[in-house]
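Text of the file data17.cif, holding mmCIF, C-alpha atoms:
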```cif
data_run
loop_
_atom_site.label_atom_id
_atom_site.label_comp_id
_atom_site.auth_asym_id
_atom_site.auth_seq_id
_atom_site.Cartn_x
_atom_site.Cartn_y
_atom_site.Cartn_z
CA MET A 1 -43.23 -72.47 -145.98
CA GLU A 2 -45.63 -70.53 -143.77
CA LEU A 3 -47.14 -71.86 -140.57
CA ASN A 4 -50.57 -70.52 -141.51
CA ASP A 5 -50.52 -72.32 -144.87
CA PHE A 6 -49.50 -75.51 -143.12
CA ILE A 7 -52.33 -75.18 -140.61
CA LYS A 8 -54.75 -74.82 -143.52
CA ASP A 9 -53.32 -77.91 -145.25
CA PHE A 10 -53.53 -79.76 -141.94
CA ALA A 11 -57.16 -78.71 -141.42
CA ASP A 12 -58.02 -79.83 -144.97
CA GLN A 13 -57.57 -83.43 -143.87
CA PHE A 14 -60.58 -83.08 -141.58
CA ASP A 15 -64.22 -82.86 -142.67
CA GLU A 16 -66.18 -82.04 -139.52
CA THR A 17 -63.83 -80.07 -137.25
CA ASP A 18 -64.24 -76.29 -137.33
CA PHE A 19 -61.21 -74.40 -138.69
CA SER A 20 -61.05 -72.31 -135.50
CA GLU A 21 -59.91 -75.44 -133.64
CA PHE A 22 -56.66 -75.61 -135.60
CA ALA A 23 -53.70 -73.64 -134.23
CA ALA A 24 -49.97 -74.21 -133.72
CA GLU A 25 -50.55 -75.40 -130.16
CA THR A 26 -53.46 -77.74 -131.06
CA LYS A 27 -52.85 -81.27 -129.76
CA PHE A 28 -54.25 -82.96 -132.83
CA ARG A 29 -54.80 -86.40 -131.32
CA GLU A 30 -57.24 -84.83 -128.88
CA LEU A 31 -59.50 -83.65 -131.72
CA GLU A 32 -62.67 -85.69 -131.77
CA GLU A 33 -62.36 -86.39 -135.49
CA TRP A 34 -58.77 -87.67 -135.22
CA SER A 35 -58.11 -91.29 -136.28
CA SER A 36 -55.21 -93.33 -137.61
CA LEU A 37 -56.69 -92.70 -141.06
CA THR A 38 -56.26 -88.95 -140.54
CA GLY A 39 -52.66 -89.71 -139.60
CA LEU A 40 -52.10 -91.49 -142.92
CA ALA A 41 -53.81 -88.64 -144.76
CA LEU A 42 -51.38 -86.19 -143.12
CA LEU A 43 -48.34 -88.25 -144.12
CA ASN A 44 -49.65 -88.51 -147.70
CA MET A 45 -50.41 -84.75 -147.80
CA ILE A 46 -46.95 -83.79 -146.46
CA LYS A 47 -45.28 -86.01 -149.05
CA ALA A 48 -47.42 -84.71 -151.93
CA LYS A 49 -47.33 -81.03 -151.05
CA TYR A 50 -44.05 -80.52 -149.16
CA LYS A 51 -42.07 -83.40 -150.75
CA ILE A 52 -41.04 -84.58 -147.30
CA HIS A 53 -41.30 -88.19 -146.20
CA VAL A 54 -42.51 -88.42 -142.61
CA THR A 55 -42.95 -91.90 -141.14
CA ALA A 56 -45.76 -93.08 -138.88
CA GLU A 57 -43.23 -93.64 -136.08
CA GLN A 58 -41.94 -90.05 -136.41
CA LEU A 59 -45.50 -88.73 -136.33
CA LEU A 60 -46.18 -90.69 -133.12
CA LYS A 61 -43.56 -88.59 -131.32
CA ILE A 62 -45.21 -85.33 -132.33
CA SER A 63 -48.23 -83.95 -130.49
CA THR A 64 -49.05 -80.46 -131.79
CA ILE A 65 -49.52 -78.95 -135.25
CA GLY A 66 -46.67 -76.50 -134.53
CA GLU A 67 -44.28 -79.32 -133.64
CA LEU A 68 -45.15 -81.11 -136.88
CA PHE A 69 -44.56 -77.88 -138.81
CA ASN A 70 -41.15 -77.45 -137.16
CA PHE A 71 -40.28 -81.08 -137.81
CA ILE A 72 -40.93 -80.90 -141.54
CA GLN A 73 -39.10 -77.58 -141.78
CA GLN A 74 -35.86 -79.14 -140.51
CA MET B 1 -30.42 -135.35 -155.42
CA ILE B 2 -33.95 -136.03 -156.61
CA SER B 3 -33.91 -138.52 -159.44
CA GLU B 4 -36.40 -138.67 -162.30
CA GLN B 5 -37.31 -142.25 -161.47
CA VAL B 6 -38.56 -141.38 -158.00
CA TYR B 7 -42.28 -140.65 -157.67
CA ALA B 8 -42.19 -136.87 -157.21
CA PRO B 9 -45.10 -135.06 -158.90
CA PHE B 10 -44.22 -131.81 -157.12
CA SER B 11 -40.60 -131.87 -158.24
CA LEU B 12 -39.18 -129.27 -160.64
CA CYS B 13 -36.39 -131.55 -161.89
CA ASN B 14 -35.61 -130.97 -165.58
CA LYS B 15 -37.54 -127.72 -165.56
CA LYS B 16 -36.09 -124.30 -166.35
CA ILE B 17 -37.88 -121.56 -164.47
CA LEU B 18 -37.60 -117.81 -165.03
CA VAL B 19 -38.11 -115.77 -161.85
CA THR B 20 -38.55 -111.99 -161.96
CA GLY B 21 -38.03 -109.70 -158.97
CA ALA B 22 -35.53 -112.29 -157.80
CA SER B 23 -33.31 -109.88 -155.87
CA SER B 24 -35.51 -109.69 -152.77
CA GLY B 25 -38.61 -110.76 -150.87
CA ILE B 26 -40.91 -113.29 -152.48
CA GLY B 27 -38.87 -113.40 -155.70
CA ARG B 28 -35.72 -114.38 -153.84
CA ALA B 29 -37.56 -117.08 -151.89
CA VAL B 30 -39.18 -118.44 -155.06
CA ALA B 31 -35.79 -118.63 -156.81
CA ILE B 32 -34.12 -120.40 -153.89
CA GLU B 33 -36.98 -122.85 -153.27
CA CYS B 34 -37.27 -123.66 -156.99
CA SER B 35 -33.57 -124.51 -157.06
CA LYS B 36 -33.98 -126.68 -153.94
CA ASN B 37 -36.76 -128.52 -155.76
CA GLY B 38 -34.54 -129.38 -158.67
CA ALA B 39 -35.22 -126.56 -161.12
CA THR B 40 -32.66 -124.73 -163.19
CA VAL B 41 -33.41 -121.13 -162.33
CA ILE B 42 -33.04 -118.04 -164.47
CA LEU B 43 -33.09 -114.94 -162.34
CA THR B 44 -33.86 -111.41 -163.31
CA ALA B 45 -34.11 -108.14 -161.37
CA ARG B 46 -32.83 -104.56 -161.57
CA ASP B 47 -30.34 -104.56 -158.70
CA LYS B 48 -27.18 -106.33 -159.81
CA ALA B 49 -25.57 -106.73 -156.38
CA ARG B 50 -28.68 -108.13 -154.71
CA LEU B 51 -29.38 -110.35 -157.72
CA GLU B 52 -25.93 -111.83 -157.22
CA GLN B 53 -26.74 -112.50 -153.56
CA THR B 54 -29.78 -114.53 -154.62
CA TYR B 55 -27.72 -116.33 -157.27
CA ASN B 56 -25.16 -117.30 -154.63
CA SER B 57 -27.92 -118.67 -152.38
CA LEU B 58 -29.21 -121.12 -155.00
CA THR B 59 -28.63 -124.84 -154.70
CA ALA B 60 -25.88 -125.80 -157.15
CA GLY B 61 -26.98 -126.07 -160.77
CA ASP B 62 -26.75 -124.57 -164.20
CA HIS B 63 -28.52 -121.35 -163.17
CA ALA B 64 -28.23 -117.96 -164.86
CA SER B 65 -29.03 -114.37 -164.00
CA TYR B 66 -29.86 -111.33 -166.12
CA CYS B 67 -29.96 -107.78 -164.85
CA ALA B 68 -32.88 -105.97 -166.47
CA ASP B 69 -35.38 -103.19 -165.88
CA LEU B 70 -38.67 -104.75 -166.89
CA THR B 71 -40.41 -101.38 -167.16
CA ASP B 72 -38.20 -100.67 -170.19
CA GLU B 73 -39.74 -102.55 -173.10
CA SER B 74 -36.51 -102.64 -175.11
CA GLU B 75 -34.81 -104.35 -172.14
CA VAL B 76 -37.73 -106.78 -171.92
CA GLN B 77 -37.40 -107.61 -175.57
CA SER B 78 -33.67 -108.12 -175.23
CA LEU B 79 -34.13 -110.26 -172.10
CA ALA B 80 -36.67 -112.41 -173.94
CA GLY B 81 -34.11 -112.83 -176.71
CA GLN B 82 -31.27 -113.81 -174.37
CA VAL B 83 -32.95 -116.30 -172.06
CA PRO B 84 -33.10 -119.96 -173.05
CA GLN B 85 -36.41 -121.78 -173.56
CA VAL B 86 -38.15 -122.20 -170.23
CA ASP B 87 -40.82 -124.43 -168.71
CA GLY B 88 -42.20 -121.82 -166.38
CA ILE B 89 -42.18 -118.21 -165.24
CA VAL B 90 -42.89 -116.79 -161.82
CA HIS B 91 -43.64 -113.07 -161.99
CA CYS B 92 -42.61 -111.73 -158.58
CA ALA B 93 -41.46 -108.18 -159.38
CA GLY B 94 -43.85 -105.73 -157.80
CA ILE B 95 -44.20 -102.51 -155.87
CA MET B 96 -46.66 -101.17 -153.35
CA GLU B 97 -47.39 -97.64 -152.27
CA THR B 98 -49.63 -96.73 -149.35
CA LEU B 99 -51.56 -93.75 -150.61
CA LEU B 100 -55.12 -92.79 -149.72
CA PHE B 101 -57.28 -92.57 -152.83
CA GLN B 102 -57.80 -88.80 -152.48
CA PHE B 103 -54.05 -88.31 -153.07
CA VAL B 104 -53.77 -90.62 -156.09
CA LYS B 105 -52.27 -88.95 -159.16
CA LYS B 106 -51.94 -90.25 -162.70
CA GLU B 107 -48.15 -90.54 -162.44
CA GLN B 108 -48.24 -92.82 -159.39
CA LEU B 109 -51.07 -94.90 -160.81
CA GLN B 110 -49.18 -95.30 -164.07
CA GLN B 111 -46.01 -96.35 -162.27
CA ILE B 112 -47.68 -99.07 -160.20
CA MET B 113 -49.68 -100.36 -163.19
CA GLU B 114 -46.49 -100.46 -165.21
CA VAL B 115 -44.45 -102.47 -162.71
CA ASN B 116 -47.20 -104.74 -161.39
CA PHE B 117 -49.31 -105.27 -164.48
CA LEU B 118 -47.85 -104.16 -167.82
CA SER B 119 -44.30 -105.41 -167.29
CA PRO B 120 -45.07 -109.04 -166.36
CA VAL B 121 -47.76 -109.27 -169.05
CA LEU B 122 -45.54 -107.83 -171.78
CA LEU B 123 -42.58 -109.97 -170.74
CA THR B 124 -44.80 -113.04 -171.14
CA GLN B 125 -45.97 -111.83 -174.54
CA HIS B 126 -42.39 -111.28 -175.73
CA LEU B 127 -41.33 -114.71 -174.49
CA LEU B 128 -44.23 -116.32 -176.37
CA GLU B 129 -43.46 -114.34 -179.50
CA GLN B 130 -39.85 -115.48 -179.37
CA LYS B 131 -40.91 -119.09 -178.79
CA LYS B 132 -39.24 -119.20 -175.38
CA LEU B 133 -42.09 -120.96 -173.59
CA ARG B 134 -42.08 -124.71 -174.07
CA LYS B 135 -45.26 -126.69 -174.50
CA ASN B 136 -46.63 -127.64 -171.05
CA SER B 137 -45.18 -124.47 -169.52
CA SER B 138 -46.68 -122.93 -166.41
CA ILE B 139 -46.95 -119.17 -165.93
CA VAL B 140 -47.41 -117.98 -162.35
CA PHE B 141 -48.19 -114.43 -161.29
CA ILE B 142 -47.63 -113.46 -157.67
CA SER B 143 -50.76 -111.40 -157.21
CA SER B 144 -52.52 -110.57 -153.94
CA ILE B 145 -55.76 -110.91 -152.03
CA ALA B 146 -55.89 -107.12 -152.50
CA GLY B 147 -57.81 -106.37 -155.66
CA VAL B 148 -59.13 -109.93 -155.96
CA THR B 149 -60.99 -110.68 -152.72
CA CYS B 150 -60.52 -107.47 -150.70
CA SER B 151 -58.39 -104.36 -150.36
CA GLY B 152 -56.77 -102.32 -147.61
CA ILE B 153 -56.52 -98.73 -146.44
CA GLY B 154 -54.36 -96.69 -148.83
CA ASN B 155 -54.10 -99.67 -151.13
CA SER B 156 -56.34 -98.75 -154.06
CA MET B 157 -53.62 -98.43 -156.72
CA TYR B 158 -51.98 -101.71 -155.75
CA SER B 159 -55.39 -103.42 -155.70
CA ALA B 160 -56.12 -102.11 -159.18
CA SER B 161 -52.87 -103.56 -160.51
CA LYS B 162 -53.53 -106.96 -158.94
CA GLY B 163 -57.17 -106.91 -160.04
CA ALA B 164 -55.93 -106.37 -163.58
CA ILE B 165 -53.67 -109.42 -163.24
CA ASN B 166 -56.67 -111.40 -162.00
CA GLY B 167 -58.54 -110.47 -165.16
CA ILE B 168 -55.82 -111.10 -167.66
CA ILE B 169 -54.79 -114.52 -166.34
CA LYS B 170 -58.27 -115.82 -167.17
CA GLY B 171 -58.02 -114.64 -170.76
CA MET B 172 -54.41 -115.78 -171.08
CA ALA B 173 -55.31 -119.19 -169.68
CA LEU B 174 -57.96 -119.62 -172.39
CA ASP B 175 -55.78 -118.35 -175.22
CA LEU B 176 -52.76 -120.46 -174.22
CA ALA B 177 -54.64 -123.66 -173.36
CA PRO B 178 -54.22 -125.03 -176.92
CA LYS B 179 -50.45 -124.90 -176.34
CA ASN B 180 -51.02 -126.63 -173.01
CA ILE B 181 -49.52 -123.60 -171.29
CA ARG B 182 -51.17 -123.01 -167.92
CA VAL B 183 -51.61 -119.56 -166.37
CA ASN B 184 -52.37 -119.08 -162.67
CA SER B 185 -51.76 -116.73 -159.80
CA VAL B 186 -50.96 -117.00 -156.14
CA ILE B 187 -52.96 -114.55 -154.04
CA PRO B 188 -51.24 -114.13 -150.69
CA GLY B 189 -52.24 -112.04 -147.75
CA MET B 190 -49.53 -109.86 -146.20
CA ILE B 191 -46.08 -111.44 -146.36
CA GLU B 192 -43.08 -110.48 -144.21
CA THR B 193 -40.94 -108.85 -146.90
CA GLY B 194 -40.27 -105.31 -145.78
CA PHE B 195 -43.13 -104.00 -147.90
CA PHE B 196 -43.93 -101.62 -145.02
CA LYS B 197 -40.44 -100.13 -145.14
CA GLU B 198 -41.86 -96.86 -146.48
CA GLY B 199 -42.87 -96.31 -142.84
CA LEU B 200 -46.41 -95.05 -143.32
CA ILE B 201 -47.76 -97.81 -141.08
CA SER B 202 -46.51 -97.80 -137.49
CA GLU B 203 -45.23 -100.87 -135.68
CA SER B 204 -48.30 -100.98 -133.48
CA GLN B 205 -50.54 -100.80 -136.54
CA VAL B 206 -48.63 -103.73 -138.06
CA ALA B 207 -49.09 -105.71 -134.83
CA GLU B 208 -52.81 -104.92 -134.87
CA ASP B 209 -53.04 -105.97 -138.50
CA LYS B 210 -51.28 -109.30 -137.83
CA ASN B 211 -53.79 -109.93 -135.10
CA ARG B 212 -56.61 -109.80 -137.68
CA TYR B 213 -55.26 -112.97 -139.27
CA PRO B 214 -56.84 -116.12 -137.79
CA LEU B 215 -53.35 -117.72 -137.86
CA LYS B 216 -52.04 -114.60 -136.02
CA ARG B 217 -49.09 -113.81 -138.22
CA TYR B 218 -48.09 -112.64 -141.69
CA GLY B 219 -46.95 -115.21 -144.21
CA LYS B 220 -43.36 -116.10 -144.97
CA PRO B 221 -41.92 -115.62 -148.47
CA GLU B 222 -41.18 -119.37 -148.60
CA GLU B 223 -44.86 -120.14 -148.07
CA VAL B 224 -45.70 -118.22 -151.24
CA ALA B 225 -42.83 -119.98 -153.01
CA PHE B 226 -44.28 -123.41 -152.11
CA ALA B 227 -47.59 -122.43 -153.73
CA ALA B 228 -45.77 -121.23 -156.85
CA ILE B 229 -43.84 -124.52 -156.96
CA TYR B 230 -47.09 -126.47 -156.89
CA LEU B 231 -48.43 -124.44 -159.83
CA LEU B 232 -45.16 -124.90 -161.75
CA SER B 233 -45.05 -128.65 -161.14
CA ASP B 234 -46.71 -131.47 -163.06
CA ALA B 235 -48.95 -131.98 -160.02
CA ALA B 236 -50.90 -128.91 -161.18
CA GLY B 237 -51.23 -130.21 -164.75
CA TRP B 238 -54.99 -129.61 -164.85
CA VAL B 239 -54.95 -126.28 -163.04
CA THR B 240 -55.30 -123.15 -165.16
CA GLY B 241 -56.86 -119.71 -164.77
CA SER B 242 -57.02 -120.04 -161.01
CA ASN B 243 -55.98 -117.97 -158.01
CA LEU B 244 -54.35 -119.97 -155.23
CA LEU B 245 -55.31 -118.32 -151.94
CA ILE B 246 -52.69 -118.29 -149.17
CA ASP B 247 -53.75 -115.88 -146.48
CA GLY B 248 -53.64 -117.39 -143.00
CA GLY B 249 -57.44 -117.32 -143.03
CA TYR B 250 -57.62 -113.53 -143.42
CA THR B 251 -60.44 -113.47 -145.97
CA LEU B 252 -62.62 -115.89 -143.98
CA LEU B 253 -63.70 -113.14 -141.65
#
```

Just dump the structure as structure tokens.
Amino acid sequence: MELNDFIKDFADQFDETDFSEFAAETKFRELEEWSSLTGLALLNMIKAKYKIHVTAEQLLKISTIGELFNFIQQ
Amino acid sequence: MISEQVYAPFSLCNKKILVTGASSGIGRAVAIECSKNGATVILTARDKARLEQTYNSLTAGDHASYCADLTDESEVQSLAGQVPQVDGIVHCAGIMETLLFQFVKKEQLQQIMEVNFLSPVLLTQHLLEQKKLRKNSSIVFISSIAGVTCSGIGNSMYSASKGAINGIIKGMALDLAPKNIRVNSVIPGMIETGFFKEGLISESQVAEDKNRYPLKRYGKPEEVAFAAIYLLSDAAGWVTGSNLLIDGGYTLL
């Protein structure tokens, strides 16, 4: 699994935010478009594409895209 | 002990009731409450150990339990052959998956339709075919407000399965009325059953959701069981094709 692919999959869950705003160090909750619905979309995407079950509580403890990538890699 | 002579239109004395999904949640509560109300209960579920736990929680009586996977039609047919004649069924077996519509795939949709819609409907059909439903029987589906009056985020597949139940009970009620068999559903709002155990909804989101209910809490499995008991009892003798709403006022807003 590549970080860049993950960032692209992550960005796919957004409709308005420019791709240039997504990087490993991006604090995703600070993105204007972020909502709890985006959170659910991420969990569904990670399960579908990476076959990893991340819970909402686990996601709450993660703040950047890079941290989420590292978490699902473990 | 409730005696036949006592005025008790809501009693299930002298009734045999088949309960599916009896190993946990609403199914377990329905089984236990039915037994407390005088019914002889026939339990079925997939998980043998948990089914036994429910069986051991029943009020003493001539109850029985059958381990079966209701998504396997040959097991359904064999279950329908083994069970005695009954006076009622409560279809409680069900699954839920929180999945936003844009992620829905055929496989997941098929699975939820199979467990929540096809299995209970086909079990009923097999029981009828094998003459296991007595005249004056009552068939109760545990459905949901989702798919009947509203839906929820990530809940489209579940809603579809419950909406399908809502449709078929109306047709079943008409077709079975000549046999005086009644067909109804209970449509509860969210019930405390561990349905959120998949963890896609955080604790704070659950708290927020509870707060949307005018009665400020989720329902208890027993509260759904009491509705099912009403529909099973002679008190509901003129009730067919209906959805009994139990939602703490959720759909008022």

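Taking CA of Ala24 (chain A) and CA of Ile62 (chain A) as the two end points, the separation is 12.2 Å.
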
>> Could you work out which residues of chain B fall inside 9 Å of chain A? Count all atoms listed in the file, and format the result as number ranges by chain.
In response: B: 98-100, 102-103, 153-154, 198-203, 205

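You can rank A:Gln74, A:Glu2, A:Asp15, A:Phe69 by their closest distance to Ile46 (chain A) using all atoms listed in the file, and at the top of that list sits A:Phe69.
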
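Between CA of Met96 (chain B) and CA of Ile187 (chain B) there is a distance of 14.8 Å.
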
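This file, filtered with the PyMOL selection byres ((chain B and resi 134-142) around 7), gives the residues Gln85, Val86, Asp87, Gly88, Ile89, Val90, His91, Cys92, Lys132, Leu133, Ser143, Ser144, Lys179, Asn180, Ile181, Arg182, Val183, Asn184, Ser185, Val186, Ile187, Ala228, Leu231 and Leu232 of chain B.
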
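Put simply, the PyMOL selection byres ((chain A and resi 63) around 7) on this file hits A:Lys27, A:Phe28, A:Lys61, A:Ile62, A:Thr64, A:Glu67.
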
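Across the model, the gap from CA of Ser151 (chain B) to CA of Met113 (chain B) is 16.0 Å.
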
Shell around Gly189 (chain B) at 9 Å using only C-alpha atoms, local window under 4 positions removed, as an mmCIF file with C-alpha atoms, keeping the file's coordinate frame:
```cif
data_model
loop_
_atom_site.group_PDB
_atom_site.id
_atom_site.type_symbol
_atom_site.label_atom_id
_atom_site.label_comp_id
_atom_site.auth_asym_id
_atom_site.auth_seq_id
_atom_site.Cartn_x
_atom_site.Cartn_y
_atom_site.Cartn_z
ATOM 1 C CA SER B 144 -52.520 -110.570 -153.940
ATOM 2 C CA ILE B 145 -55.760 -110.910 -152.030
ATOM 3 C CA ALA B 146 -55.890 -107.120 -152.500
ATOM 4 C CA TYR B 218 -48.090 -112.640 -141.690
ATOM 5 C CA GLY B 219 -46.950 -115.210 -144.210
ATOM 6 C CA LEU B 245 -55.310 -118.320 -151.940
ATOM 7 C CA ILE B 246 -52.690 -118.290 -149.170
ATOM 8 C CA ASP B 247 -53.750 -115.880 -146.480
ATOM 9 C CA GLY B 248 -53.640 -117.390 -143.000
ATOM 10 C CA GLY B 249 -57.440 -117.320 -143.030
ATOM 11 C CA TYR B 250 -57.620 -113.530 -143.420
ATOM 12 C CA THR B 251 -60.440 -113.470 -145.970
#
```

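Each of A:Glu30, A:Asp18, A:Ser35, A:Glu25 was compared to Leu3 (chain A) using all atoms listed in the file, and A:Glu25 turns out to be the nearest.
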
>> Here is a test: counting all atoms listed in the file, which residue of B:Gln5, B:Asn243, B:Thr40, B:Ser24 is nearest to Pro221 (chain B)?
In response: B:Ser24

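Among the candidates A:Phe14, A:Trp34, A:Phe6, A:Phe22, the residue lying nearest to Asn70 (chain A) is A:Phe6 (atoms considered: all atoms listed in the file).
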
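Remark: for Phe117 (chain B), the closest of the candidate residues B:Ser161, B:Ser156, B:Thr149, B:Gln77 is B:Ser161 (distances computed over only C-alpha atoms).
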
Centre, edges in Å (one decimal): axis-aligned box, region 36-51 of chain B, 3 Å padding on all six sides, as AutoDock Vina command-line options:
```
--center_x -31.2 --center_y -117.0 --center_z -159.2 --size_x 17.2 --size_y 30.8 --size_z 16.5
```

>> At a cut-off of 12 Å around the point (-35.7, -112.6, -160.5) (file coordinates), what residues fall inside when counting all atoms listed in the file? I'd like the answer as a ChimeraX atom specification.
In response: /B:17-32,34,41-48,50-55,63-70,79,89-94,120
